[in-house]
file entry25.csv (CSV, C-alpha atoms and all ligand atoms)
chain,number,residue,atom,x,y,z
A,1,MET,CA,1.0,5.7,-28.5
A,2,SER,CA,-2.0,7.7,-29.3
A,3,GLN,CA,-3.9,9.7,-26.8
A,4,THR,CA,-7.5,8.5,-26.4
A,5,ALA,CA,-10.3,9.3,-24.0
A,6,ASP,CA,-9.9,7.7,-20.6
A,7,THR,CA,-12.9,5.4,-20.6
A,8,THR,CA,-11.8,3.5,-17.5
A,9,ALA,CA,-12.1,6.2,-14.9
A,10,PRO,CA,-12.9,4.8,-11.5
A,11,VAL,CA,-16.5,4.4,-10.5
A,12,SER,CA,-17.9,5.2,-7.1
A,13,ALA,CA,-19.6,2.5,-5.0
A,14,SER,CA,-23.0,4.0,-5.9
A,15,ASN,CA,-22.6,3.4,-9.6
A,16,GLY,CA,-20.2,0.5,-9.6
A,17,ALA,CA,-23.1,-1.9,-10.3
A,18,SER,CA,-23.3,-0.5,-13.8
A,19,ARG,CA,-19.8,-1.7,-14.6
A,20,PRO,CA,-19.6,-5.3,-15.7
A,21,ASP,CA,-16.0,-5.5,-14.6
A,22,LEU,CA,-16.8,-4.9,-11.0
A,23,ILE,CA,-19.0,-6.8,-8.6
A,24,THR,CA,-20.7,-4.8,-5.9
A,25,GLN,CA,-23.7,-7.0,-5.2
A,26,LEU,CA,-23.4,-10.1,-3.1
A,27,GLU,CA,-26.0,-11.9,-5.2
A,28,GLU,CA,-23.8,-11.4,-8.2
A,29,LEU,CA,-20.9,-12.8,-6.3
A,30,LYS,CA,-22.9,-15.8,-5.2
A,31,ALA,CA,-23.7,-16.6,-8.8
A,32,LEU,CA,-19.9,-16.9,-9.4
A,33,LEU,CA,-19.1,-18.6,-6.1
A,34,PRO,CA,-22.1,-20.9,-5.6
A,35,SER,CA,-20.3,-22.8,-2.8
A,36,ILE,CA,-20.7,-19.8,-0.4
A,37,PRO,CA,-22.6,-21.5,2.5
A,38,PRO,CA,-26.0,-19.9,3.4
A,39,ASP,CA,-24.9,-18.9,6.9
A,40,ARG,CA,-21.7,-17.3,5.6
A,41,PHE,CA,-23.7,-15.4,3.0
A,42,LYS,CA,-26.0,-14.1,5.7
A,43,THR,CA,-23.0,-12.8,7.6
A,44,MET,CA,-21.6,-11.2,4.5
A,45,GLU,CA,-24.9,-9.4,4.1
A,46,ALA,CA,-24.7,-8.1,7.6
A,47,VAL,CA,-21.1,-6.9,7.2
A,48,THR,CA,-21.9,-5.0,4.0
A,49,GLN,CA,-24.5,-3.0,5.9
A,50,ARG,CA,-21.4,-1.4,7.6
A,51,TYR,CA,-18.6,-1.7,5.1
A,52,GLN,CA,-18.6,-1.5,1.3
A,53,PHE,CA,-18.0,-4.6,-0.8
A,54,ARG,CA,-16.4,-4.5,-4.2
A,55,LEU,CA,-14.5,-7.1,-6.2
A,56,PRO,CA,-13.4,-7.1,-9.8
A,57,ARG,CA,-14.9,-9.9,-11.8
A,58,PHE,CA,-11.4,-10.8,-13.0
A,59,TYR,CA,-10.3,-11.5,-9.4
A,60,VAL,CA,-13.2,-13.8,-8.7
A,61,GLU,CA,-13.0,-15.7,-11.9
A,62,HIS,CA,-9.3,-16.1,-12.3
A,63,ILE,CA,-7.9,-16.1,-8.7
A,64,LEU,CA,-10.5,-17.3,-6.2
A,65,ASN,CA,-11.6,-20.9,-6.0
A,66,ASP,CA,-15.2,-21.8,-5.5
A,67,ASP,CA,-14.4,-23.5,-2.3
A,68,PRO,CA,-15.1,-22.2,1.2
A,69,ALA,CA,-11.6,-23.6,2.2
A,70,ASP,CA,-9.9,-21.2,-0.1
A,71,PRO,CA,-7.8,-19.0,2.2
A,72,LEU,CA,-8.2,-16.0,0.0
A,73,TRP,CA,-11.9,-15.8,0.7
A,74,ASP,CA,-11.2,-14.3,4.1
A,75,LEU,CA,-9.2,-11.5,2.5
A,76,VAL,CA,-11.7,-10.4,0.0
A,77,LEU,CA,-15.2,-11.6,1.1
A,78,PRO,CA,-16.9,-9.7,3.9
A,79,GLY,CA,-16.5,-11.6,7.2
A,80,SER,CA,-17.8,-11.2,10.8
A,81,GLN,CA,-14.3,-10.4,12.2
A,82,GLU,CA,-14.5,-7.0,10.5
A,83,LEU,CA,-17.2,-6.0,12.9
A,84,THR,CA,-14.7,-6.2,15.8
A,85,ASP,CA,-12.5,-3.5,14.2
A,86,THR,CA,-12.8,-0.5,16.4
A,87,GLY,CA,-11.8,1.9,13.7
A,88,ASP,CA,-10.4,4.5,16.1
A,89,GLU,CA,-6.8,4.3,14.9
A,90,ARG,CA,-5.6,7.4,13.2
A,91,TRP,CA,-2.6,6.0,11.4
A,92,ASP,CA,-2.0,9.1,9.3
A,93,ALA,CA,-2.3,11.5,12.2
A,94,PHE,CA,1.3,11.0,13.4
A,95,GLN,CA,3.6,13.0,11.2
A,96,LEU,CA,6.6,15.2,11.2
A,97,GLN,CA,6.2,18.6,12.8
A,98,ASN,CA,8.1,20.2,9.9
A,99,LYS,CA,6.2,18.9,7.0
A,100,ALA,CA,7.0,20.3,3.6
A,101,VAL,CA,3.3,20.6,2.7
A,102,GLU,CA,0.2,20.9,4.8
A,103,HIS,CA,-2.6,19.1,3.1
A,104,PRO,CA,-5.0,16.4,4.2
A,105,ARG,CA,-3.8,14.1,1.4
A,106,TRP,CA,-0.1,14.7,2.2
A,107,ILE,CA,1.2,12.3,4.8
A,108,GLN,CA,4.8,12.9,5.9
A,109,LYS,CA,6.6,10.8,8.5
A,110,TYR,CA,10.1,11.4,7.1
A,111,ARG,CA,11.9,14.5,6.0
A,112,TYR,CA,12.9,13.0,2.7
A,113,GLU,CA,9.7,11.2,1.7
A,114,ALA,CA,5.9,11.9,1.7
A,115,LEU,CA,3.0,9.7,0.8
A,116,ILE,CA,0.1,11.1,-1.1
A,117,ARG,CA,-3.3,9.6,-0.5
A,118,THR,CA,-4.5,10.2,-4.0
A,119,THR,CA,-7.8,8.5,-3.7
A,120,ASP,CA,-9.9,6.4,-1.4
A,121,TYR,CA,-10.8,4.1,-4.3
A,122,CYS,CA,-9.5,0.7,-5.2
A,123,SER,CA,-11.1,-1.6,-7.8
A,124,GLY,CA,-11.3,-4.3,-5.1
A,125,LEU,CA,-11.6,-3.9,-1.4
A,126,CYS,CA,-9.3,-5.9,0.9
A,127,ARG,CA,-11.2,-6.9,4.0
A,128,TYR,CA,-8.1,-6.2,6.0
A,129,CYS,CA,-7.6,-2.7,4.6
A,130,TYR,CA,-6.3,-0.5,7.4
A,131,LEU,CA,-7.9,2.5,5.8
A,132,LYS,CA,-11.5,1.4,5.3
A,133,ASN,CA,-12.7,2.4,8.7
A,134,ARG,CA,-10.4,5.4,9.2
A,135,ASP,CA,-10.3,9.1,9.0
A,136,VAL,CA,-9.2,9.3,5.4
A,137,THR,CA,-9.9,12.1,3.0
A,138,PRO,CA,-12.8,10.9,0.9
A,139,GLY,CA,-12.9,11.0,-2.9
A,140,THR,CA,-10.1,11.6,-5.3
A,141,ILE,CA,-7.3,14.2,-5.5
A,142,THR,CA,-8.2,17.2,-7.6
A,143,LEU,CA,-6.1,19.3,-10.0
A,144,ARG,CA,-6.5,22.1,-7.4
A,145,ASP,CA,-5.1,19.8,-4.6
A,146,ILE,CA,-2.1,19.0,-6.8
A,147,ASP,CA,-1.5,22.7,-7.5
A,148,ASP,CA,-1.8,23.5,-3.8
A,149,MET,CA,0.8,20.9,-2.9
A,150,PHE,CA,3.3,21.9,-5.5
A,151,GLY,CA,2.7,25.6,-4.7
A,152,GLN,CA,3.6,24.9,-1.1
A,153,LEU,CA,6.6,22.8,-2.1
A,154,ALA,CA,8.0,25.6,-4.2
A,155,THR,CA,8.3,27.9,-1.1
A,156,SER,CA,8.7,25.4,1.7
A,157,PRO,CA,12.0,25.5,3.7
A,158,HIS,CA,11.6,21.7,4.1
A,159,ALA,CA,11.4,20.9,0.4
A,160,ALA,CA,15.1,20.6,-0.1
A,161,ALA,CA,15.2,17.4,1.9
A,162,MET,CA,12.4,15.8,-0.1
A,163,ARG,CA,13.6,13.0,-2.3
A,164,GLU,CA,10.6,10.8,-3.1
A,165,LEU,CA,6.8,11.1,-3.3
A,166,ILE,CA,4.9,7.9,-2.9
A,167,LEU,CA,1.6,7.9,-4.8
A,168,SER,CA,-0.7,5.7,-2.7
A,169,GLY,CA,-4.4,5.6,-2.0
A,170,GLY,CA,-6.5,3.7,-2.4
A,171,ASP,CA,-4.9,3.0,-5.7
A,172,PRO,CA,-3.1,5.6,-7.8
A,173,LEU,CA,-3.5,3.4,-10.9
A,174,ALA,CA,-7.3,3.7,-10.5
A,175,LEU,CA,-7.0,7.5,-10.9
A,176,SER,CA,-8.0,9.1,-14.1
A,177,ALA,CA,-5.3,9.7,-16.6
A,178,SER,CA,-5.9,13.5,-16.6
A,179,VAL,CA,-5.0,13.7,-12.8
A,180,LEU,CA,-1.8,11.7,-13.3
A,181,GLU,CA,-0.8,13.9,-16.2
A,182,HIS,CA,-1.4,17.0,-14.2
A,183,PHE,CA,0.7,15.6,-11.4
A,184,ALA,CA,3.4,14.7,-13.9
A,185,ASP,CA,3.4,18.3,-15.3
A,186,ARG,CA,3.7,19.9,-11.9
A,187,LEU,CA,6.4,17.5,-10.7
A,188,ALA,CA,8.4,18.1,-13.9
A,189,PHE,CA,8.1,21.9,-13.4
A,190,PHE,CA,9.2,21.5,-9.7
A,191,ASN,CA,12.1,19.3,-10.6
A,192,ARG,CA,13.4,21.9,-13.1
A,193,THR,CA,14.2,24.1,-10.1
A,194,ARG,CA,16.2,21.4,-8.3
A,195,SER,CA,19.6,20.0,-8.7
A,196,ARG,CA,18.4,16.6,-7.6
A,197,ALA,CA,15.0,15.4,-8.9
A,198,VAL,CA,12.3,14.2,-6.6
A,199,THR,CA,11.3,10.7,-7.7
A,200,VAL,CA,7.9,9.1,-7.7
A,201,SER,CA,7.0,5.6,-6.4
A,202,ILE,CA,3.6,4.1,-7.2
A,203,HIS,CA,2.1,1.7,-4.7
A,204,THR,CA,-0.6,-0.4,-6.4
A,205,ARG,CA,-2.7,-3.5,-6.3
A,206,GLU,CA,-4.6,-2.6,-9.5
A,207,PRO,CA,-2.7,-5.0,-11.7
A,208,VAL,CA,-3.7,-7.8,-9.4
A,209,TRP,CA,-7.4,-6.7,-9.1
A,210,PHE,CA,-8.2,-5.5,-12.5
A,211,PRO,CA,-5.2,-5.7,-14.9
A,212,GLN,CA,-7.4,-4.9,-17.9
A,213,ARG,CA,-7.8,-1.3,-16.8
A,214,LEU,CA,-4.2,-0.5,-17.4
A,215,MET,CA,-3.9,-2.7,-20.5
A,216,ARG,CA,-6.9,-1.0,-22.1
A,217,SER,CA,-6.4,2.6,-21.3
A,218,THR,CA,-3.9,4.2,-23.6
A,219,ALA,CA,-4.6,7.5,-21.8
A,220,LEU,CA,-3.4,6.0,-18.5
A,221,GLN,CA,-0.4,4.5,-20.2
A,222,THR,CA,0.5,7.9,-21.7
A,223,ALA,CA,0.1,9.6,-18.3
A,224,LEU,CA,2.4,7.0,-16.8
A,225,THR,CA,5.1,7.5,-19.4
A,226,LYS,CA,4.9,11.2,-18.7
A,227,LEU,CA,5.1,10.7,-15.0
A,228,GLY,CA,8.1,8.4,-15.3
A,229,PRO,CA,7.9,6.8,-11.8
A,230,SER,CA,11.2,5.4,-10.5
A,231,SER,CA,9.4,2.3,-9.1
A,232,HIS,CA,6.2,0.4,-8.9
A,233,ILE,CA,5.5,-1.5,-5.7
A,234,LEU,CA,3.0,-4.2,-6.3
A,235,HIS,CA,0.8,-5.3,-3.4
A,236,LEU,CA,0.6,-9.1,-3.7
A,237,VAL,CA,-0.4,-11.6,-1.0
A,238,HIS,CA,-0.5,-15.0,-2.6
A,239,PRO,CA,1.0,-17.0,-5.5
A,240,ARG,CA,-2.4,-17.4,-7.1
A,241,GLU,CA,-2.6,-13.7,-7.5
A,242,VAL,CA,0.3,-13.9,-10.0
A,243,THR,CA,-1.8,-14.3,-13.2
A,244,PRO,CA,-0.5,-14.1,-16.8
A,245,GLU,CA,-2.4,-10.8,-17.0
A,246,LEU,CA,-0.4,-9.5,-14.0
A,247,LEU,CA,2.8,-10.5,-15.7
A,248,SER,CA,1.7,-8.6,-18.9
A,249,CYS,CA,0.9,-5.5,-16.8
A,250,ILE,CA,4.4,-5.7,-15.2
A,251,GLU,CA,5.9,-5.8,-18.7
A,252,LEU,CA,3.8,-2.9,-19.7
A,253,LEU,CA,4.7,-0.8,-16.6
A,254,HIS,CA,8.3,-1.5,-17.3
A,255,ASP,CA,8.1,-0.7,-21.0
A,256,LEU,CA,6.3,2.6,-20.4
A,257,GLY,CA,9.4,3.9,-18.8
A,258,GLN,CA,10.8,5.5,-21.9
A,259,GLN,CA,13.1,8.0,-20.3
A,260,ARG,CA,14.0,5.8,-17.4
A,261,VAL,CA,13.0,2.2,-16.7
A,262,PRO,CA,11.2,1.8,-13.4
A,263,LEU,CA,12.2,-0.7,-10.7
A,264,ILE,CA,9.4,-3.3,-10.2
A,265,MET,CA,9.1,-4.6,-6.7
A,266,THR,CA,6.6,-6.4,-4.6
A,267,GLN,CA,5.5,-6.0,-1.0
A,268,HIS,CA,2.9,-7.9,1.0
A,269,PRO,CA,1.5,-8.2,4.5
A,270,LEU,CA,1.8,-11.5,6.3
A,271,PHE,CA,-1.4,-13.3,7.4
A,272,ARG,CA,-1.7,-16.3,9.5
A,273,GLY,CA,-3.1,-19.3,7.6
A,274,ILE,CA,-2.8,-17.5,4.2
A,275,ASN,CA,0.8,-16.6,3.4
A,276,ASP,CA,2.7,-17.3,6.7
A,277,ASP,CA,4.6,-20.1,5.1
A,278,PRO,CA,8.0,-19.3,3.6
A,279,ALA,CA,7.3,-21.9,0.9
A,280,ILE,CA,4.2,-20.0,-0.2
A,281,ILE,CA,6.0,-16.7,-0.2
A,282,THR,CA,9.0,-18.1,-2.1
A,283,GLU,CA,6.6,-19.5,-4.7
A,284,MET,CA,5.0,-16.1,-5.0
A,285,TYR,CA,8.3,-14.4,-5.5
A,286,GLY,CA,9.3,-17.1,-8.1
A,287,ARG,CA,6.1,-16.7,-10.1
A,288,VAL,CA,6.1,-12.9,-10.2
A,289,ASP,CA,9.8,-13.0,-11.2
A,290,SER,CA,9.2,-15.6,-14.0
A,291,GLY,CA,8.4,-13.1,-16.8
A,292,ARG,CA,10.6,-11.0,-18.9
A,293,ILE,CA,10.9,-8.3,-16.2
A,294,PRO,CA,12.8,-9.0,-13.0
A,295,VAL,CA,10.7,-8.3,-9.9
A,296,LYS,CA,12.4,-7.7,-6.5
A,297,PRO,CA,10.9,-8.6,-3.2
A,298,TYR,CA,10.8,-5.4,-1.2
A,299,TYR,CA,8.8,-5.3,2.0
A,300,LEU,CA,7.5,-8.3,4.0
A,301,ILE,CA,5.0,-6.4,6.2
A,302,HIS,CA,4.3,-7.5,9.7
A,303,PRO,CA,0.5,-7.1,9.9
A,304,PHE,CA,-0.8,-3.6,10.7
A,305,PRO,CA,-2.0,-3.5,14.3
A,306,ASP,CA,-5.3,-2.2,13.0
A,307,GLY,CA,-7.6,-3.4,10.2
A,308,THR,CA,-5.9,-6.8,10.1
A,309,LEU,CA,-8.5,-9.5,10.7
A,310,PRO,CA,-7.8,-10.8,14.2
A,311,GLN,CA,-7.8,-14.5,13.1
A,312,HIS,CA,-4.9,-13.8,10.7
A,313,ARG,CA,-2.7,-11.6,12.9
A,314,LEU,CA,0.8,-12.9,13.7
A,315,MET,CA,3.0,-12.0,16.6
A,316,LEU,CA,6.2,-10.2,15.7
A,317,PRO,CA,8.5,-13.2,16.6
A,318,GLU,CA,6.5,-15.3,14.2
A,319,SER,CA,7.0,-12.8,11.4
A,320,GLN,CA,10.7,-12.8,12.2
A,321,ILE,CA,10.9,-16.6,11.9
A,322,ILE,CA,9.3,-16.4,8.5
A,323,LEU,CA,12.0,-13.8,7.5
A,324,ARG,CA,14.7,-16.2,8.8
A,325,ALA,CA,13.6,-18.9,6.3
A,326,LEU,CA,13.5,-16.3,3.5
A,327,ALA,CA,16.8,-14.6,4.4
A,328,SER,CA,18.8,-17.8,3.7
A,329,ALA,CA,18.7,-17.0,-0.1
A,330,PRO,CA,20.6,-14.8,-2.5
A,331,GLY,CA,20.4,-11.2,-1.3
A,332,THR,CA,18.4,-10.0,-4.3
A,333,ARG,CA,15.6,-12.5,-3.3
A,334,VAL,CA,15.4,-11.4,0.3
A,335,PRO,CA,12.7,-8.9,1.5
A,336,LEU,CA,13.0,-6.5,4.4
A,337,LEU,CA,10.7,-7.3,7.3
A,338,THR,CA,9.1,-4.0,8.2
A,339,VAL,CA,6.9,-3.2,11.1
A,340,PRO,CA,4.5,-0.3,10.4
A,341,THR,CA,4.1,2.0,13.4
A,342,PRO,CA,2.5,5.4,13.7
A,343,MET,CA,6.0,6.9,14.0
A,344,GLY,CA,7.3,5.2,10.8
A,345,LYS,CA,8.5,1.9,9.5
A,346,CYS,CA,10.8,-0.2,11.7
A,347,VAL,CA,12.9,-2.8,9.9
A,348,ILE,CA,13.7,-6.0,11.8
A,349,GLY,CA,16.7,-8.2,11.0
A,350,PRO,CA,16.3,-12.0,10.8
A,351,TYR,CA,18.4,-12.5,13.9
A,352,GLU,CA,17.7,-9.3,15.8
A,353,ARG,CA,17.0,-9.9,19.5
A,354,LEU,CA,13.4,-9.1,20.4
A,355,GLU,CA,13.5,-8.5,24.1
A,356,ASP,CA,10.4,-8.1,26.3
A,357,ARG,CA,11.0,-4.8,28.1
A,358,GLY,CA,7.9,-5.0,30.2
A,359,GLY,CA,5.1,-5.7,27.7
A,360,TYR,CA,6.8,-4.1,24.7
A,361,TYR,CA,9.7,-4.5,22.3
A,362,LEU,CA,11.8,-1.5,21.8
A,363,LEU,CA,12.0,-0.9,18.0
A,364,HIS,CA,13.4,2.0,16.1
A,365,THR,CA,12.2,3.6,12.9
A,366,LYS,CA,14.7,4.0,10.1
A,367,ASP,CA,15.3,7.5,11.4
A,368,GLY,CA,16.1,6.2,14.9
A,369,VAL,CA,12.9,7.2,16.6
A,370,PRO,CA,12.2,4.7,19.4
A,371,VAL,CA,9.0,2.9,19.4
A,372,GLU,CA,7.5,0.8,22.2
A,373,TYR,CA,5.8,-1.9,20.2
A,374,SER,CA,3.2,-3.8,22.2
A,375,ILE,CA,3.8,-7.5,22.7
A,376,ASP,CA,0.1,-8.1,23.1
A,377,LYS,CA,-1.6,-10.1,20.5
A,378,TYR,CA,-4.3,-7.6,19.9
A,379,TYR,CA,-3.5,-4.0,19.5
A,380,ASN,CA,-5.1,-1.5,21.9
A,381,PRO,CA,-5.7,1.7,20.0
A,382,SER,CA,-5.6,3.8,23.1
A,383,GLU,CA,-2.2,2.5,24.0
A,384,SER,CA,0.7,5.0,23.9
A,385,ARG,CA,-1.2,7.5,21.8
A,386,LEU,CA,-0.1,10.3,23.9
A,387,ALA,CA,3.4,9.0,24.2
A,388,ILE,CA,4.2,9.2,20.5
A,389,PRO,CA,7.1,11.6,20.1
A,390,ALA,CA,6.7,14.5,17.8
A,391,VAL,CA,9.7,14.4,15.6
A,392,SER,CA,11.3,17.7,15.1
A,393,LEU,CA,14.1,17.9,12.7
A,394,PRO,CA,16.4,20.7,11.6
A,395,ILE,CA,15.4,22.6,8.5
A,396,CYS,CA,17.5,21.3,5.6
A,397,THR,CA,18.7,24.0,3.3
A,398,ASP,CA,21.7,22.2,2.0
A,399,LYS,CA,21.0,20.0,-1.0
A,400,SER,CA,23.7,17.6,0.2
A,401,GLU,CA,21.4,17.0,3.1
A,402,ASN,CA,24.1,16.7,5.6
A,403,LEU,CA,21.7,15.9,8.5
A,404,GLN,CA,22.5,14.1,11.6
A,405,PRO,CA,20.2,11.2,12.4
A,406,VAL,CA,17.7,11.7,15.3
A,407,GLN,CA,19.3,10.4,18.4
A,408,PRO,CA,17.5,7.3,19.7
A,409,ARG,CA,16.0,7.9,23.1
A,410,GLY,CA,15.0,5.6,26.0
A,411,ILE,CA,17.4,2.8,25.3
B,501,LIG,S1,-5.4,-2.4,-2.2
B,501,LIG,FE1,-4.6,-1.3,-0.3
B,501,LIG,S2,-5.8,0.6,-0.1
B,501,LIG,FE2,-6.9,-0.8,-1.6
B,501,LIG,S3,-8.3,-1.9,-0.3
B,501,LIG,FE3,-6.5,-3.1,-0.4
B,501,LIG,S4,-5.2,-2.6,1.4
B,501,LIG,FE4,-6.8,-1.0,1.1
call {"tool": "encode", "arguments": {"input": "entry25.csv", "output": "structure tokens"}}
result
Amino acid sequence: MSQTADTTAPVSASNGASRPDLITQLEELKALLPSIPPDRFKTMEAVTQRYQFRLPRFYVEHILNDDPADPLWDLVLPGSQELTDTGDERWDAFQLQNKAVEHPRWIQKYRYEALIRTTDYCSGLCRYCYLKNRDVTPGTITLRDIDDMFGQLATSPHAAAMRELILSGGDPLALSASVLEHFADRLAFFNRTRSRAVTVSIHTREPVWFPQRLMRSTALQTALTKLGPSSHILHLVHPREVTPELLSCIELLHDLGQQRVPLIMTQHPLFRGINDDPAIITEMYGRVDSGRIPVKPYYLIHPFPDGTLPQHRLMLPESQIILRALASAPGTRVPLLTVPTPMGKCVIGPYERLEDRGGYYLLHTKDGVPVEYSIDKYYNPSESRLAIPAVSLPICTDKSENLQPVQPRGI
């Protein structure tokens, strides 16, 4: 494919109004959704005094219904519940002691994997976003940031254990092609020094929000081919988000893998009243897997304690019951129920016993770190902050990575 100028670079909130693809003004939204009741509109105006609003026109016109009963409205239209979000959670602050790289965009909770917050930008803004009110690095990753990261990796004693870099955000598919290309170059150079390549996984919602960006930008497509991610993890929450355009994007992402075809998977948070019904989730899995490219359900995410709108939060046993219904299916169709915690992800089995140990469940991260997970319906951000264990792991110098798992404590 030919290299062309990247004309679809992300816009900032301040100039988003000049892009016909993106809606940043509530009046413009009202013209497309005339059924927004006046009192709700007033609330939306108040909320946008505090939090940005942005939605792709495509999402409004092709996915939302002009109906106040549409459950998706709560997820993408500003609502009063957002104002109750304390915003004092520092999700990214709890990381390994022995990180391979020290950089504000480099988040490392596991010795073998790091997540890079490439940007704070997404074409649409989820109202439940756990990052929107947090201490995240503003703006977009620079070429210098990338050089700094790979420079540190080249000499880090902890780099040998590294197996995967997750490009996250915001949305990495909203980055400019030149940034992705530079990342691809630096990664390829780094991998030439290793016997086992570090792979890249892309976490994205862009093909749901604004599939045209990827479809139109040959520069972005070229950069993705060069980068050669091993997987794309699509953030979907509802069957209606599976549009023909999304399926076309999935085909494109698959076909861009010229050297190595990427896995395409989907993950989603659970929300009361929106997708907490196994039938809805099964329909979503069926639709997204109905095209030419197989799409594997990956993570079923118990709602983040923070950010999630209170009226849509589920209790952990409720999420587990949803998993039970989904687990009675061929293994390739069954997601993992994961509970995000500051110490890392905890995966819960469909019939695992959740025992009240005095106001908390004892969970374990996949590295065996014990987590006292509050049973309370609403998360208290001050809870257990000081009790979070700093995970200190041995330095891995052996590429076979013959490490012993961290011994669970406190059982
Ligand atoms: S796509 Fe992800 S990062 Fe972007 S607004 Fe939604 S939850 Fe936040």
call {"tool": "closest_residue", "arguments": {"input": "entry25.csv", "among": "A:Pro303, A:Gly139, A:Gly286, A:Gly368", "to": "Thr266 (chain A)", "atoms": "only C-alpha atoms"}}
result
A:Gly286
call {"tool": "atom_distance", "arguments": {"input": "entry25.csv", "atom1": "CA of Cys129 (chain A)", "atom2": "CA of Glu318 (chain A)"}}
result
21.2 Å
call {"tool": "residues_near_ligand", "arguments": {"input": "entry25.csv", "ligand": "ligand LIG 501 (chain B)", "cutoff": "7 Å", "atoms": "all atoms listed in the file", "output": "ChimeraX atom specification"}}
result
/A:121-122,124-126,128-132,169-171,204-205,235
call {"tool": "write_last_selection", "arguments": {"input": "entry25.csv", "atoms": "C-alpha atoms", "output": "compact mmCIF listing (two decimals), in the coordinates of the input"}}
result
# COMPACT_ATOMS: atom_id res chain seq x y z
CA TYR A 121 -10.80 4.10 -4.30
CA CYS A 122 -9.50 0.70 -5.20
CA GLY A 124 -11.30 -4.30 -5.10
CA LEU A 125 -11.60 -3.90 -1.40
CA CYS A 126 -9.30 -5.90 0.90
CA TYR A 128 -8.10 -6.20 6.00
CA CYS A 129 -7.60 -2.70 4.60
CA TYR A 130 -6.30 -0.50 7.40
CA LEU A 131 -7.90 2.50 5.80
CA LYS A 132 -11.50 1.40 5.30
CA GLY A 169 -4.40 5.60 -2.00
CA GLY A 170 -6.50 3.70 -2.40
CA ASP A 171 -4.90 3.00 -5.70
CA THR A 204 -0.60 -0.40 -6.40
CA ARG A 205 -2.70 -3.50 -6.30
CA HIS A 235 0.80 -5.30 -3.40
call {"tool": "residues_around", "arguments": {"input": "entry25.csv", "residues": "region 223-225 of chain A", "least_positions_apart": "2", "cutoff": "6 Å", "atoms": "only C-alpha atoms", "output": "PyMOL selection string"}}
result
chain A and resi 177+180-181+220-221+227-228+256-257
call {"tool": "write_last_selection", "arguments": {"input": "entry25.csv", "atoms": "C-alpha atoms", "output": "PDB file, keeping the file's coordinate frame"}}
result
ATOM      1  CA  ALA A 177      -5.300   9.700 -16.600  1.00  0.00           C
ATOM      2  CA  LEU A 180      -1.800  11.700 -13.300  1.00  0.00           C
ATOM      3  CA  GLU A 181      -0.800  13.900 -16.200  1.00  0.00           C
ATOM      4  CA  LEU A 220      -3.400   6.000 -18.500  1.00  0.00           C
ATOM      5  CA  GLN A 221      -0.400   4.500 -20.200  1.00  0.00           C
ATOM      6  CA  LEU A 227       5.100  10.700 -15.000  1.00  0.00           C
ATOM      7  CA  GLY A 228       8.100   8.400 -15.300  1.00  0.00           C
ATOM      8  CA  LEU A 256       6.300   2.600 -20.400  1.00  0.00           C
ATOM      9  CA  GLY A 257       9.400   3.900 -18.800  1.00  0.00           C
TER      10      GLY A 257
END
call {"tool": "closest_residue", "arguments": {"input": "entry25.csv", "among": "A:His312, A:Arg163, A:His302, A:Lys366", "to": "Thr338 (chain A)", "atoms": "only C-alpha atoms"}}
result
A:His302
call {"tool": "residues_around", "arguments": {"input": "entry25.csv", "residues": "Pro297 (chain A)", "least_positions_apart": "5", "cutoff": "8 Å", "atoms": "all atoms listed in the file", "output": "list of chain:residue names"}}
result
A:Met265, A:Thr266, A:Gln267, A:Tyr285, A:Thr332, A:Arg333, A:Val334, A:Pro335
call {"tool": "closest_residue", "arguments": {"input": "entry25.csv", "among": "A:Val208, A:Leu153, A:Met284, A:Met215", "to": "Leu252 (chain A)", "atoms": "all atoms listed in the file"}}
result
A:Met215
call {"tool": "atom_distance", "arguments": {"input": "entry25.csv", "atom1": "CA of Ile146 (chain A)", "atom2": "CA of Arg186 (chain A)"}}
result
7.8 Å
call {"tool": "atom_distance", "arguments": {"input": "entry25.csv", "atom1": "CA of Val47 (chain A)", "atom2": "CA of Ser80 (chain A)"}}
result
6.5 Å
call {"tool": "residues_around", "arguments": {"input": "entry25.csv", "residues": "Leu336 (chain A)", "least_positions_apart": "5", "cutoff": "10 Å", "atoms": "all atoms listed in the file", "output": "PyMOL selection string"}}
result
chain A and resi 267+297-301+323+326-327+346-350
call {"tool": "closest_residue", "arguments": {"input": "entry25.csv", "among": "A:Thr43, A:Thr155, A:Thr199, A:Gln258", "to": "Thr222 (chain A)", "atoms": "only C-alpha atoms"}}
result
A:Gln258
call {"tool": "decode", "arguments": {"input": "entry25.csv", "residues": "region 70-81 of chain A", "atoms": "C-alpha atoms", "output": "tab-separated table (two decimals), in the first residue's frame"}}
result
chain	number	residue	atom	x	y	z
A	70	ASP	CA	-31.50	3.43	25.27
A	71	PRO	CA	-29.18	1.90	27.89
A	72	LEU	CA	-26.12	3.07	25.94
A	73	TRP	CA	-26.98	6.70	26.62
A	74	ASP	CA	-25.69	6.37	30.17
A	75	LEU	CA	-22.32	5.15	28.93
A	76	VAL	CA	-21.66	7.94	26.46
A	77	LEU	CA	-23.80	10.93	27.41
A	78	PRO	CA	-22.72	13.05	30.37
A	79	GLY	CA	-24.73	12.18	33.49
A	80	SER	CA	-25.09	13.47	37.03
A	81	GLN	CA	-23.58	10.32	38.56
